[in-house]
Amino acid sequence: MSFSIQSLYTWYRNTIRNPKYRWWIIAGTLAYVLSPFDISPDFIPVVGQIDDIAIVTLLVAEVSQMVVEYMKLRQGKDVAVAPDINDKDSTTTDTTVDVDAVSVK
């Protein structure tokens, strides 16, 4: 089993996006940051704060990205309302589909 920062990041990102584990990951991250027991102890100047800063940065980045995606999804639901089939005035059926392109390697 190989360990890398990328695999840890991928695990964190996938787990925090899972609604079942989201609050556990957020609570665990906050507990780690507030705990005196760290990978690098906080009493060591600068080095002690690096792991805390990295973890908080990761948490803030992931939570803010989830909030942005939620707001986009919510905005899309408000804008893309299907016309009422009983409404005689709504004869157009034009819809807009927003697609995110993904590169496949």
# chains A, B, ... in the order shown; residues from 1 in each chain; ligands from 1
call {"tool": "residues_around", "arguments": {"residues": "A:Ile16", "least_positions_apart": "2", "cutoff": "12 Å", "atoms": "only C-alpha atoms", "output": "ChimeraX atom specification"}}
result
/A:9-14,18-29,58-66
call {"tool": "select_by_dssp", "arguments": {"residues": "chain A", "states": "alpha helix (DSSP H)", "output": "PyMOL selection string"}}
result
chain A and resi 5-16+22-34+47-79
